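Q: Got a file for you: structure-v8.txt, compact mmCIF, C-alpha atoms.
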# COMPACT_ATOMS: atom_id res chain seq x y z
CA MET A 1 0.00 0.00 0.00
CA MET A 2 1.28 3.46 -0.91
CA ILE A 3 2.05 6.20 1.62
CA TYR A 4 1.59 9.89 0.86
CA ARG A 5 3.08 12.71 2.92
CA SER A 6 2.84 16.46 2.92
CA LYS A 7 4.00 19.48 4.87
CA ALA A 8 2.82 23.09 4.77
CA PRO A 9 4.69 26.02 6.36
CA LEU A 10 3.32 28.27 9.07
CA ARG A 11 3.53 32.02 8.63
CA LEU A 12 4.46 35.20 10.44
CA GLY A 13 1.95 37.99 9.93
CA LEU A 14 4.15 41.06 9.46
CA ALA A 15 1.62 43.72 8.48
CA GLY A 16 -2.03 44.19 7.55
CA GLY A 17 -3.38 41.27 9.59
CA GLY A 18 -7.15 41.42 10.06
CA THR A 19 -7.83 43.32 6.84
CA ASP A 20 -8.12 39.93 5.10
CA VAL A 21 -11.24 39.13 7.16
CA SER A 22 -14.71 39.61 5.68
CA PRO A 23 -16.65 41.87 5.64
CA TYR A 24 -13.77 44.40 5.82
CA SER A 25 -11.96 42.93 2.80
CA ASP A 26 -15.23 42.83 0.83
CA ILE A 27 -16.14 46.45 1.55
CA TYR A 28 -12.78 48.23 1.65
CA GLY A 29 -10.25 45.72 0.29
CA GLY A 30 -7.50 44.23 2.41
CA ALA A 31 -3.71 44.02 2.16
CA VAL A 32 -1.35 41.77 4.13
CA LEU A 33 2.41 41.24 4.28
CA ASN A 34 3.50 37.83 5.56
CA ALA A 35 6.34 35.31 5.36
CA THR A 36 6.54 31.56 5.91
CA ILE A 37 8.93 29.94 8.37
CA ASP A 38 10.44 26.52 9.04
CA LYS A 39 7.60 25.38 11.30
CA TYR A 40 5.12 23.08 9.62
CA ALA A 41 1.83 21.23 9.65
CA HIS A 42 2.43 17.59 8.64
CA CYS A 43 0.14 14.96 7.16
CA THR A 44 0.63 11.29 6.23
CA ILE A 45 -2.01 9.23 4.45
CA GLN A 46 -1.58 5.48 4.17
CA GLU A 47 -3.88 3.50 1.91
CA THR A 48 -5.61 0.57 3.61
CA ASP A 49 -8.05 -2.14 2.54
CA ASN A 50 -9.85 -2.76 5.85
CA GLY A 51 -12.91 -0.61 5.09
CA LYS A 52 -12.03 1.94 7.76
CA ILE A 53 -11.07 5.58 8.01
CA GLU A 54 -8.58 6.08 10.82
CA LEU A 55 -7.72 9.63 11.85
CA HIS A 56 -4.91 10.46 14.26
CA ALA A 57 -3.77 13.91 15.40
CA SER A 58 -0.64 12.83 17.25
CA ASP A 59 0.14 16.25 18.73
CA LEU A 60 -3.42 16.66 20.05
CA LYS A 61 -3.61 13.03 21.22
CA GLN A 62 -6.92 12.60 19.41
CA SER A 63 -7.89 9.55 17.35
CA LEU A 64 -10.96 8.22 15.56
CA SER A 65 -11.71 4.98 13.76
CA LEU A 66 -14.80 5.05 11.55
CA PRO A 67 -16.37 2.82 8.90
CA SER A 68 -15.54 4.02 5.39
CA SER A 69 -18.19 6.45 4.20
CA SER A 70 -18.63 9.08 1.53
CA ARG A 71 -19.29 11.68 4.23
CA LEU A 72 -18.10 11.97 7.81
CA GLU A 73 -20.07 13.78 10.52
CA VAL A 74 -18.35 17.01 11.57
CA GLU A 75 -20.93 18.25 14.05
CA ASP A 76 -19.24 16.59 17.04
CA GLY A 77 -16.23 18.87 16.62
CA ILE A 78 -13.72 16.01 16.89
CA LEU A 79 -11.00 16.28 14.24
CA SER A 80 -13.38 18.41 12.18
CA LEU A 81 -10.60 19.79 9.96
CA HIS A 82 -9.62 16.28 8.90
CA LYS A 83 -13.22 15.27 8.25
CA GLY A 84 -14.02 18.54 6.49
CA VAL A 85 -11.23 18.10 3.97
CA TYR A 86 -12.26 14.51 3.28
CA ASN A 87 -15.91 15.48 2.78
CA ARG A 88 -15.09 18.27 0.32
CA VAL A 89 -12.64 16.10 -1.64
CA MET A 90 -15.25 13.36 -1.97
CA SER A 91 -18.02 15.73 -3.09
CA GLN A 92 -16.11 18.19 -5.28
CA PHE A 93 -14.13 15.59 -7.19
CA LYS A 94 -17.08 13.18 -7.43
CA ILE A 95 -15.35 10.17 -5.89
CA ASP A 96 -18.05 7.50 -5.85
CA LYS A 97 -16.47 4.82 -3.69
CA PRO A 98 -15.69 5.59 -0.01
CA LEU A 99 -11.96 5.59 0.68
CA SER A 100 -10.13 3.41 3.18
CA PHE A 101 -7.02 4.94 4.77
CA LYS A 102 -5.10 5.89 7.89
CA MET A 103 -4.26 9.58 8.33
CA THR A 104 -1.78 10.94 10.84
CA THR A 105 -1.20 14.65 11.38
CA SER A 106 0.90 16.86 13.62
CA CYS A 107 1.96 20.48 13.90
CA ASP A 108 5.30 21.90 15.06
CA VAL A 109 3.59 24.50 17.29
CA PRO A 110 0.49 24.37 19.54
CA PRO A 111 -2.98 25.15 18.14
CA GLY A 112 -4.22 28.68 18.69
CA SER A 113 -0.68 30.06 18.50
CA GLY A 114 -1.33 32.83 15.97
CA LEU A 115 0.81 31.34 13.18
CA GLY A 116 -2.14 30.09 11.13
CA THR A 117 -2.05 26.52 12.43
CA SER A 118 -5.59 25.40 11.59
CA SER A 119 -5.59 26.80 8.05
CA THR A 120 -2.11 25.44 7.42
CA MET A 121 -3.24 22.02 8.61
CA VAL A 122 -6.15 22.11 6.14
CA VAL A 123 -3.68 22.90 3.35
CA ALA A 124 -1.37 20.05 4.43
CA ILE A 125 -4.23 17.52 4.53
CA LEU A 126 -5.58 18.72 1.19
CA ARG A 127 -2.09 18.47 -0.35
CA ALA A 128 -1.74 14.86 0.82
CA PHE A 129 -5.10 13.98 -0.74
CA ALA A 130 -4.07 15.77 -3.95
CA GLU A 131 -0.90 13.67 -4.06
CA TRP A 132 -2.81 10.43 -3.48
CA LEU A 133 -5.77 11.08 -5.78
CA ARG A 134 -3.89 13.20 -8.33
CA LEU A 135 -6.29 16.08 -7.91
CA PRO A 136 -5.93 18.87 -10.50
CA LEU A 137 -5.17 21.73 -8.09
CA GLY A 138 -2.91 24.69 -8.82
CA ASP A 139 -1.70 26.99 -6.04
CA TYR A 140 -4.65 29.40 -6.22
CA ASP A 141 -7.07 26.45 -6.46
CA MET A 142 -5.52 24.75 -3.43
CA ALA A 143 -5.58 27.88 -1.27
CA TYR A 144 -9.14 28.83 -2.24
CA LEU A 145 -10.43 25.29 -1.66
CA ALA A 146 -8.76 25.22 1.77
CA TYR A 147 -10.42 28.56 2.57
CA GLN A 148 -13.82 27.22 1.46
CA ILE A 149 -13.46 24.09 3.59
CA GLU A 150 -12.55 25.97 6.75
CA ARG A 151 -14.69 29.10 6.46
CA VAL A 152 -17.75 27.88 4.52
CA ASP A 153 -18.06 24.12 5.03
CA LEU A 154 -16.98 24.11 8.69
CA GLY A 155 -18.11 27.65 9.53
CA LEU A 156 -14.87 28.58 11.33
CA ARG A 157 -14.26 32.32 11.55
CA GLY A 158 -11.07 33.82 10.18
CA GLY A 159 -9.38 35.49 7.26
CA LYS A 160 -7.88 34.37 3.98
CA GLN A 161 -4.15 35.00 4.31
CA ASP A 162 -3.18 31.76 6.08
CA GLN A 163 -4.32 29.38 3.35
CA TYR A 164 -2.52 31.38 0.65
CA ALA A 165 0.68 31.76 2.71
CA ALA A 166 0.83 28.01 3.41
CA THR A 167 0.25 27.17 -0.26
CA PHE A 168 2.55 29.72 -1.92
CA GLY A 169 5.31 30.07 0.69
CA GLY A 170 7.98 32.78 0.96
CA PHE A 171 7.56 36.53 1.47
CA ASN A 172 4.27 37.65 -0.05
CA PHE A 173 2.21 40.79 -0.31
CA MET A 174 -1.44 39.75 -0.63
CA GLU A 175 -4.44 41.79 -1.70
CA PHE A 176 -8.01 40.82 -0.84
CA TYR A 177 -11.16 42.02 -2.58
CA GLU A 178 -14.88 41.29 -2.74
CA ASN A 179 -16.19 37.98 -4.07
CA ASP A 180 -13.19 36.19 -2.51
CA ARG A 181 -10.76 37.59 -5.10
CA VAL A 182 -7.16 37.30 -3.92
CA ILE A 183 -3.93 38.45 -5.57
CA VAL A 184 -0.66 37.01 -4.25
CA ASN A 185 2.40 39.13 -5.07
CA PRO A 186 5.61 37.17 -4.30
CA LEU A 187 8.35 39.51 -3.08
CA ARG A 188 11.96 39.17 -4.18
CA VAL A 189 13.58 40.04 -0.87
CA LYS A 190 17.38 40.13 -1.16
CA PRO A 191 19.24 37.44 0.80
CA TRP A 192 21.06 39.97 3.02
CA ILE A 193 17.72 41.49 4.02
CA VAL A 194 16.29 38.06 4.90
CA ASN A 195 19.41 37.36 6.96
CA GLU A 196 19.13 40.69 8.76
CA MET A 197 15.43 40.11 9.44
CA GLU A 198 16.23 36.72 10.98
CA ALA A 199 19.06 38.25 13.03
CA SER A 200 16.77 41.02 14.31
CA LEU A 201 13.55 39.09 15.02
CA VAL A 202 12.68 37.37 18.28
CA LEU A 203 9.73 34.97 18.11
CA TYR A 204 8.23 34.42 21.55
CA TYR A 205 5.50 31.98 22.59
CA THR A 206 3.48 33.49 25.42
CA GLY A 207 2.49 30.06 26.73
CA VAL A 208 -1.17 30.90 26.17
CA SER A 209 -3.11 29.09 23.47
CA ARG A 210 -6.25 30.96 22.50
CA SER A 211 -9.27 30.64 20.26
CA SER A 212 -9.43 33.45 17.72
CA ASP A 213 -13.18 33.00 17.23
CA LYS A 214 -14.41 35.62 19.71
CA ILE A 215 -11.80 38.18 18.65
CA ILE A 216 -12.64 37.80 14.97
CA ALA A 217 -16.39 37.87 15.70
CA GLU A 218 -15.97 41.20 17.51
CA GLN A 219 -13.83 42.55 14.67
CA GLN A 220 -16.45 41.51 12.10
CA ASP A 221 -19.23 43.05 14.18
CA ASN A 222 -17.30 46.33 14.48
CA THR A 223 -16.97 46.46 10.71
CA ARG A 224 -20.66 45.72 10.11
CA LYS A 225 -21.83 48.44 12.48
CA LYS A 226 -19.13 50.80 11.13
CA ASP A 227 -17.50 51.38 14.51
CA GLU A 228 -15.46 54.47 13.69
CA ASN A 229 -12.51 53.70 15.97
CA ALA A 230 -12.14 50.08 14.85
CA VAL A 231 -12.60 50.73 11.13
CA GLU A 232 -10.17 53.66 11.16
CA ALA A 233 -7.61 51.43 12.89
CA MET A 234 -8.03 48.82 10.16
CA HIS A 235 -7.59 51.46 7.47
CA ARG A 236 -4.32 52.48 9.11
CA ILE A 237 -3.17 48.87 9.37
CA LYS A 238 -3.86 48.34 5.68
CA GLU A 239 -2.01 51.52 4.79
CA SER A 240 0.97 50.42 6.89
CA SER A 241 1.19 47.11 5.00
CA TYR A 242 2.02 48.99 1.77
CA LEU A 243 4.64 51.11 3.52
CA MET A 244 6.18 48.12 5.31
CA LYS A 245 6.36 46.16 2.05
CA ASN A 246 8.50 48.94 0.57
CA LEU A 247 10.68 49.15 3.69
CA ILE A 248 11.43 45.43 3.68
CA LEU A 249 12.29 45.46 -0.03
CA LYS A 250 14.73 48.34 0.57
CA GLY A 251 16.18 46.74 3.69
CA GLU A 252 15.23 49.58 6.04
CA ILE A 253 14.97 47.25 9.00
CA VAL A 254 14.82 49.76 11.87
CA LYS A 255 12.08 51.79 10.20
CA PHE A 256 10.23 48.55 9.47
CA ALA A 257 10.51 47.53 13.14
CA GLU A 258 9.25 50.90 14.37
CA MET A 259 6.22 50.60 12.08
CA LEU A 260 5.63 47.12 13.50
CA GLY A 261 5.06 48.78 16.87
CA ARG A 262 2.72 51.41 15.43
CA GLU A 263 0.70 48.69 13.72
CA TRP A 264 0.35 46.92 17.07
CA GLU A 265 -1.11 50.07 18.63
CA ASN A 266 -3.67 50.24 15.81
CA LYS A 267 -4.42 46.53 15.98
CA LYS A 268 -5.43 46.82 19.64
CA ARG A 269 -8.16 49.23 18.59
CA MET A 270 -9.79 46.63 16.31
CA ALA A 271 -11.26 44.52 19.15
CA ARG A 272 -11.11 44.57 22.95
CA LEU A 273 -9.82 41.01 23.34
CA ILE A 274 -6.73 41.43 21.13
CA SER A 275 -4.55 42.41 24.06
CA ASN A 276 -4.65 41.83 27.81
CA GLU A 277 -2.61 42.54 30.92
CA LYS A 278 -0.14 39.70 30.31
CA ILE A 279 0.45 40.62 26.68
CA ASP A 280 0.94 44.29 27.61
CA HIS A 281 3.47 43.25 30.27
CA ILE A 282 5.41 41.14 27.76
CA TYR A 283 5.41 43.99 25.25
CA ASP A 284 6.56 46.54 27.85
CA THR A 285 9.35 44.20 28.96
CA ALA A 286 10.60 43.85 25.38
CA MET A 287 10.53 47.59 24.76
CA LYS A 288 12.38 48.36 28.02
CA THR A 289 15.04 45.85 26.97
CA GLY A 290 15.64 47.77 23.76
CA ALA A 291 13.25 46.34 21.15
CA TYR A 292 12.51 48.69 18.27
CA GLY A 293 8.94 47.42 18.06
CA GLY A 294 6.79 44.32 18.09
CA LYS A 295 3.31 42.87 17.76
CA ILE A 296 1.29 39.79 18.32
CA SER A 297 1.06 37.26 15.50
CA GLY A 298 -2.43 36.36 14.36
CA ALA A 299 -5.75 37.54 15.75
CA GLY A 300 -4.42 38.26 19.25
CA GLY A 301 -5.25 37.24 22.80
CA GLY A 302 -2.22 34.97 23.16
CA GLY A 303 -0.04 32.68 21.06
CA PHE A 304 3.17 34.05 19.54
CA MET A 305 4.55 37.56 19.68
CA LEU A 306 7.39 38.91 17.54
CA PHE A 307 9.85 41.66 18.38
CA MET A 308 12.65 43.33 16.45
CA ILE A 309 15.86 44.46 18.13
CA ASP A 310 19.51 45.23 17.38
CA PRO A 311 20.98 41.73 16.80
CA THR A 312 23.71 42.44 19.37
CA LYS A 313 20.98 42.72 22.04
CA LYS A 314 18.96 39.72 20.91
CA VAL A 315 20.33 37.30 23.52
CA GLU A 316 19.56 39.78 26.29
CA LEU A 317 15.97 40.19 25.09
CA ALA A 318 15.50 36.43 24.82
CA GLY A 319 16.70 36.04 28.39
CA GLU A 320 14.33 38.70 29.70
CA LEU A 321 11.35 37.19 27.89
CA ASN A 322 12.14 33.63 29.00
CA SER A 323 12.39 34.84 32.60
CA ILE A 324 8.73 35.91 32.66
CA GLY A 325 7.38 32.59 31.34
CA GLY A 326 6.83 31.36 27.82
CA ASP A 327 9.59 30.48 25.37
CA VAL A 328 11.69 32.15 22.69
CA VAL A 329 11.57 29.92 19.60
CA ASP A 330 14.32 29.72 17.00
CA PHE A 331 13.18 29.90 13.38
CA HIS A 332 14.28 30.63 9.82
CA PHE A 333 12.32 31.97 6.86
CA ARG A 334 11.45 29.50 4.11
CA GLU A 335 10.69 30.20 0.45
CA THR A 336 8.73 27.07 -0.43
CA GLY A 337 5.04 26.52 0.13
CA CYS A 338 3.25 23.24 0.79
CA GLU A 339 4.83 20.11 -0.63
CA GLY A 340 3.64 16.55 -1.14
CA TRP A 341 5.38 13.30 -2.01
CA LYS A 342 4.73 9.57 -2.12
CA LEU A 343 6.61 6.52 -0.87
Written as structure tokens, how would this file's structure read?
A:
Amino acid sequence: MMIYRSKAPLRLGLAGGGTDVSPYSDIYGGAVLNATIDKYAHCTIQETDNGKIELHASDLKQSLSLPSSSRLEVEDGILSLHKGVYNRVMSQFKIDKPLSFKMTTSCDVPPGSGLGTSSTMVVAILRAFAEWLRLPLGDYDMAYLAYQIERVDLGLRGGKQDQYAATFGGFNFMEFYENDRVIVNPLRVKPWIVNEMEASLVLYYTGVSRSSDKIIAEQQDNTRKKDENAVEAMHRIKESSYLMKNLILKGEIVKFAEMLGREWENKKRMARLISNEKIDHIYDTAMKTGAYGGKISGAGGGGFMLFMIDPTKKVELAGELNSIGGDVVDFHFRETGCEGWKL
């Protein structure tokens, strides 16, 4: 029996995060700057002939064994991402006979960490199925289908950037418009700039895993009711993404880092739950240690934070952050998007 594997990279949201979420992106258009890193969502599918569908999320310590069926129930909320991908693959590609297989997944970072874990996992699972079943999916097709599975089929709140980042990989400037239209602009960032970004960035896990659902719901509600403070903050965040794209292409790292901090101040105005006392304390600690600027990655409320500092002070900042709980995580940027292969 053949084995099919895949991996999809997680991403750092550098600028514009939240403007990719409907209805803001539908009404005003969104713009996001992000980059993928060497932390991944992994999926292995092994063909079987026992008439069963076995699902294992080894990092979550969750498992299911079900009779082969053309559709799996997702209402119980157990491994719904895995089931949701299977259901859409079966229906969209008109596969008549239920499949029999064992699927094992894992992610290099905890769920709810702000690096796009759930969306990246959907991309990884979809890529493994595409490898097995030889599905005709280009990059835009893959990302859009992953978005449809998570946001429409499963009804999970969130934006669009994560699926496209995981599929395309690298440094990208993404534009979001009405009717789910997305344009991915790959950036040719010079190697010395990538090296300096890595040398200057500190990625810190707060130790708090959070659900982004309530934060995104509040953000969406603020947009619908045209909350002046929240919408103006989102306009500023979108504007900053264009400026920060130019700064990173020119290698103006300190200016980029200072804008990172200004974006964080605007992001906190988008929804009340984005920051809290612990996050503010972590941010203040980093700034007092000499950071140029920083922000939370993802919707907010917990997960990972990133800070930029003079590389000669990076070890000192890491020590200060580790001393207040949580962990500084080493990483490198990666140019490639999701990949699949067979054994």
Q: Can you work out which one of A:Thr104, A:Val89, A:Val184, A:Gly170 has the shortest atom-to-atom distance to A:Leu137, counting only C-alpha atoms?
A: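 For A:Leu137, the nearest of the candidates is A:Val89.
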Q: Around the point (3.1, 14.7, 8.9) (coordinates from the file), which residues reach within 10 Å if we count all atoms listed in the file? Answer as a ChimeraX atom specification.
A: /A:4-8,40-45,57-58,103-108,121,124-125,128
Q: Find the distance between atom CA of A:Ser25 and atom CA of A:Val85 and write it in Å to one decimal.
A: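 About the pair atom CA of A:Ser25 and atom CA of A:Val85: they are 24.9 Å apart.
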Q: Atom CA of A:Met305 and atom CA of A:Ala146, how far apart in Å?
A: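 So the answer is 25.5 Å.
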Q: Quick check, in Å to one decimal: how far apart do atom CA of A:Tyr140 and atom CA of A:Ser91 lie?
A: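 So the answer is 19.4 Å.
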Q: Using all atoms listed in the file, what residues lie at most 10 Å away from (-17.6, 3.1, 9.6) (file coordinates), given as a VMD selection string?
A: chain A and resid 51 to 54 65 to 69 72 100
Q: Taking only residues of stretch 208-297 of chain A that have an atom at most 10 Å from an atom of stretch 310-320 of chain A, what is each one's shortest atom pair and its distance in Å to one decimal, using only C-alpha atoms, in chain and number order, as a tab-separated table?
A:
residue	atom	partner	partner_atom	distance
A:Ile253	CA	A:Asp310	CA	9.7
A:Val254	CA	A:Asp310	CA	8.5
A:Ile282	CA	A:Glu320	CA	9.4
A:Thr285	CA	A:Glu320	CA	7.5
A:Ala286	CA	A:Leu317	CA	6.5
A:Met287	CA	A:Leu317	CA	9.2
A:Lys288	CA	A:Leu317	CA	9.4
A:Thr289	CA	A:Leu317	CA	6.0
A:Gly290	CA	A:Lys313	CA	7.5
A:Ala291	CA	A:Asp310	CA	7.4
A:Tyr292	CA	A:Asp310	CA	7.9
Q: With distances taken over only C-alpha atoms, which residue among A:Ala233, A:Leu60, A:Ala31, A:Ile309 lies nearest A:Gly294?
A: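 Result for the nearest residue to A:Gly294: A:Ile309.
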Q: Name all residues at most 9 Å from A:Arg262 (count only C-alpha atoms; drop same-chain ones fewer than 6 positions away) and give them as a PyMOL selection string.
A: chain A and resi 237+240+293-295
Q: Give, as lines of an AutoDock Vina configuration file, the centre coordinates and the x, y and z edge lengths in Å to one decimal for an axis-aligned box around all listed atoms of stretch 288-293 of chain A, padded by 4 Å on each side.
A:
center_x = 12.3
center_y = 47.3
center_z = 23.0
size_x = 14.7
size_y = 10.8
size_z = 18.0
Q: Here is a test: counting all atoms listed in the file, which residue of A:Asn322, A:Ala299, A:Gln62, A:Asp38 is nearest to A:Ser209?
A: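 Looking at the shortest contact to A:Ser209, the residue is A:Ala299.
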Q: Which is closer to A:Asp330 than all the others in A:Leu273, A:Leu145, A:Ile216, A:Val109, using only C-alpha atoms?
A: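 Closest to A:Asp330 of all the choices is A:Val109.
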Q: Got a sec: who's within 8 Å of A:Arg71, counting only C-alpha atoms, leaving out chain neighbours fewer than 6 positions off, as a ChimeraX atom specification?
A: /A:86-87,90
Q: May I ask which of the residues A:Leu55, A:Ala257, A:Gly16, A:Leu321 is the closest one to A:Arg236, counting only C-alpha atoms?
A: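 So, comparing all the options, the nearest one is A:Gly16.
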Q: Counting all atoms listed in the file, which of A:Pro191, A:Gly13, A:Gly18, A:Gly112 gets nearest to A:Ala230?
A: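 Looking at the shortest contact to A:Ala230, the residue is A:Gly18.
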Q: With a distance cut-off of 12 Å and all atoms listed in the file, select the neighbouring residues of A:Glu75, excluding the residue or stretch itself and same-chain residues fewer than 6 positions from it, and output the selection as a PDB file with C-alpha atoms, in the frame of the given file.
A:
ATOM      1  CA  LEU A  81     -10.600  19.790   9.960  1.00  0.00           C
ATOM      2  CA  LYS A  83     -13.220  15.270   8.250  1.00  0.00           C
ATOM      3  CA  GLY A  84     -14.020  18.540   6.490  1.00  0.00           C
ATOM      4  CA  ASP A 153     -18.060  24.120   5.030  1.00  0.00           C
ATOM      5  CA  LEU A 154     -16.980  24.110   8.690  1.00  0.00           C
ATOM      6  CA  GLY A 155     -18.110  27.650   9.530  1.00  0.00           C
TER       7      GLY A 155
END
Q: Report as a PyMOL selection string all protein, DNA and RNA residues lying within 10 Å of A:Arg269, evaluated on all atoms listed in the file, omitting residues in the same chain fewer than 6 positions from it.
A: chain A and resi 219+229-234+275
Q: How would stretch 278-293 of chain A look with N, CA and C atoms restored, written as a PDB file, keeping the file's coordinate frame?
A:
ATOM      1  N   LYS A 278      -1.364  40.484  30.498  1.00  0.00           N
ATOM      2  CA  LYS A 278      -0.140  39.700  30.310  1.00  0.00           C
ATOM      3  C   LYS A 278       0.585  40.096  29.038  1.00  0.00           C
ATOM      4  N   ILE A 279      -0.169  40.242  27.950  1.00  0.00           N
ATOM      5  CA  ILE A 279       0.450  40.620  26.680  1.00  0.00           C
ATOM      6  C   ILE A 279       1.088  42.009  26.786  1.00  0.00           C
ATOM      7  N   ASP A 280       0.385  42.935  27.432  1.00  0.00           N
ATOM      8  CA  ASP A 280       0.940  44.290  27.610  1.00  0.00           C
ATOM      9  C   ASP A 280       2.234  44.247  28.430  1.00  0.00           C
ATOM     10  N   HIS A 281       2.272  43.375  29.439  1.00  0.00           N
ATOM     11  CA  HIS A 281       3.470  43.250  30.270  1.00  0.00           C
ATOM     12  C   HIS A 281       4.647  42.702  29.446  1.00  0.00           C
ATOM     13  N   ILE A 282       4.366  41.707  28.629  1.00  0.00           N
ATOM     14  CA  ILE A 282       5.410  41.140  27.760  1.00  0.00           C
ATOM     15  C   ILE A 282       5.933  42.207  26.803  1.00  0.00           C
ATOM     16  N   TYR A 283       5.011  42.951  26.208  1.00  0.00           N
ATOM     17  CA  TYR A 283       5.410  43.990  25.250  1.00  0.00           C
ATOM     18  C   TYR A 283       6.251  45.061  25.943  1.00  0.00           C
ATOM     19  N   ASP A 284       5.821  45.507  27.106  1.00  0.00           N
ATOM     20  CA  ASP A 284       6.560  46.540  27.850  1.00  0.00           C
ATOM     21  C   ASP A 284       7.957  46.045  28.228  1.00  0.00           C
ATOM     22  N   THR A 285       8.056  44.782  28.613  1.00  0.00           N
ATOM     23  CA  THR A 285       9.350  44.200  28.960  1.00  0.00           C
ATOM     24  C   THR A 285      10.299  44.235  27.759  1.00  0.00           C
ATOM     25  N   ALA A 286       9.774  43.861  26.598  1.00  0.00           N
ATOM     26  CA  ALA A 286      10.600  43.850  25.380  1.00  0.00           C
ATOM     27  C   ALA A 286      11.070  45.258  25.025  1.00  0.00           C
ATOM     28  N   MET A 287      10.173  46.218  25.121  1.00  0.00           N
ATOM     29  CA  MET A 287      10.530  47.590  24.760  1.00  0.00           C
ATOM     30  C   MET A 287      11.564  48.171  25.734  1.00  0.00           C
ATOM     31  N   LYS A 288      11.416  47.868  27.018  1.00  0.00           N
ATOM     32  CA  LYS A 288      12.380  48.360  28.020  1.00  0.00           C
ATOM     33  C   LYS A 288      13.756  47.721  27.821  1.00  0.00           C
ATOM     34  N   THR A 289      13.775  46.542  27.207  1.00  0.00           N
ATOM     35  CA  THR A 289      15.040  45.850  26.970  1.00  0.00           C
ATOM     36  C   THR A 289      15.711  46.346  25.693  1.00  0.00           C
ATOM     37  N   GLY A 290      15.020  47.181  24.943  1.00  0.00           N
ATOM     38  CA  GLY A 290      15.640  47.770  23.760  1.00  0.00           C
ATOM     39  C   GLY A 290      15.024  47.410  22.429  1.00  0.00           C
ATOM     40  N   ALA A 291      13.896  46.691  22.423  1.00  0.00           N
ATOM     41  CA  ALA A 291      13.250  46.340  21.150  1.00  0.00           C
ATOM     42  C   ALA A 291      12.822  47.601  20.414  1.00  0.00           C
ATOM     43  N   TYR A 292      12.974  47.570  19.100  1.00  0.00           N
ATOM     44  CA  TYR A 292      12.510  48.690  18.270  1.00  0.00           C
ATOM     45  C   TYR A 292      10.981  48.722  18.190  1.00  0.00           C
ATOM     46  N   GLY A 293      10.390  47.532  18.180  1.00  0.00           N
ATOM     47  CA  GLY A 293       8.940  47.420  18.060  1.00  0.00           C
ATOM     48  C   GLY A 293       8.553  45.956  18.038  1.00  0.00           C
TER      49      GLY A 293
END
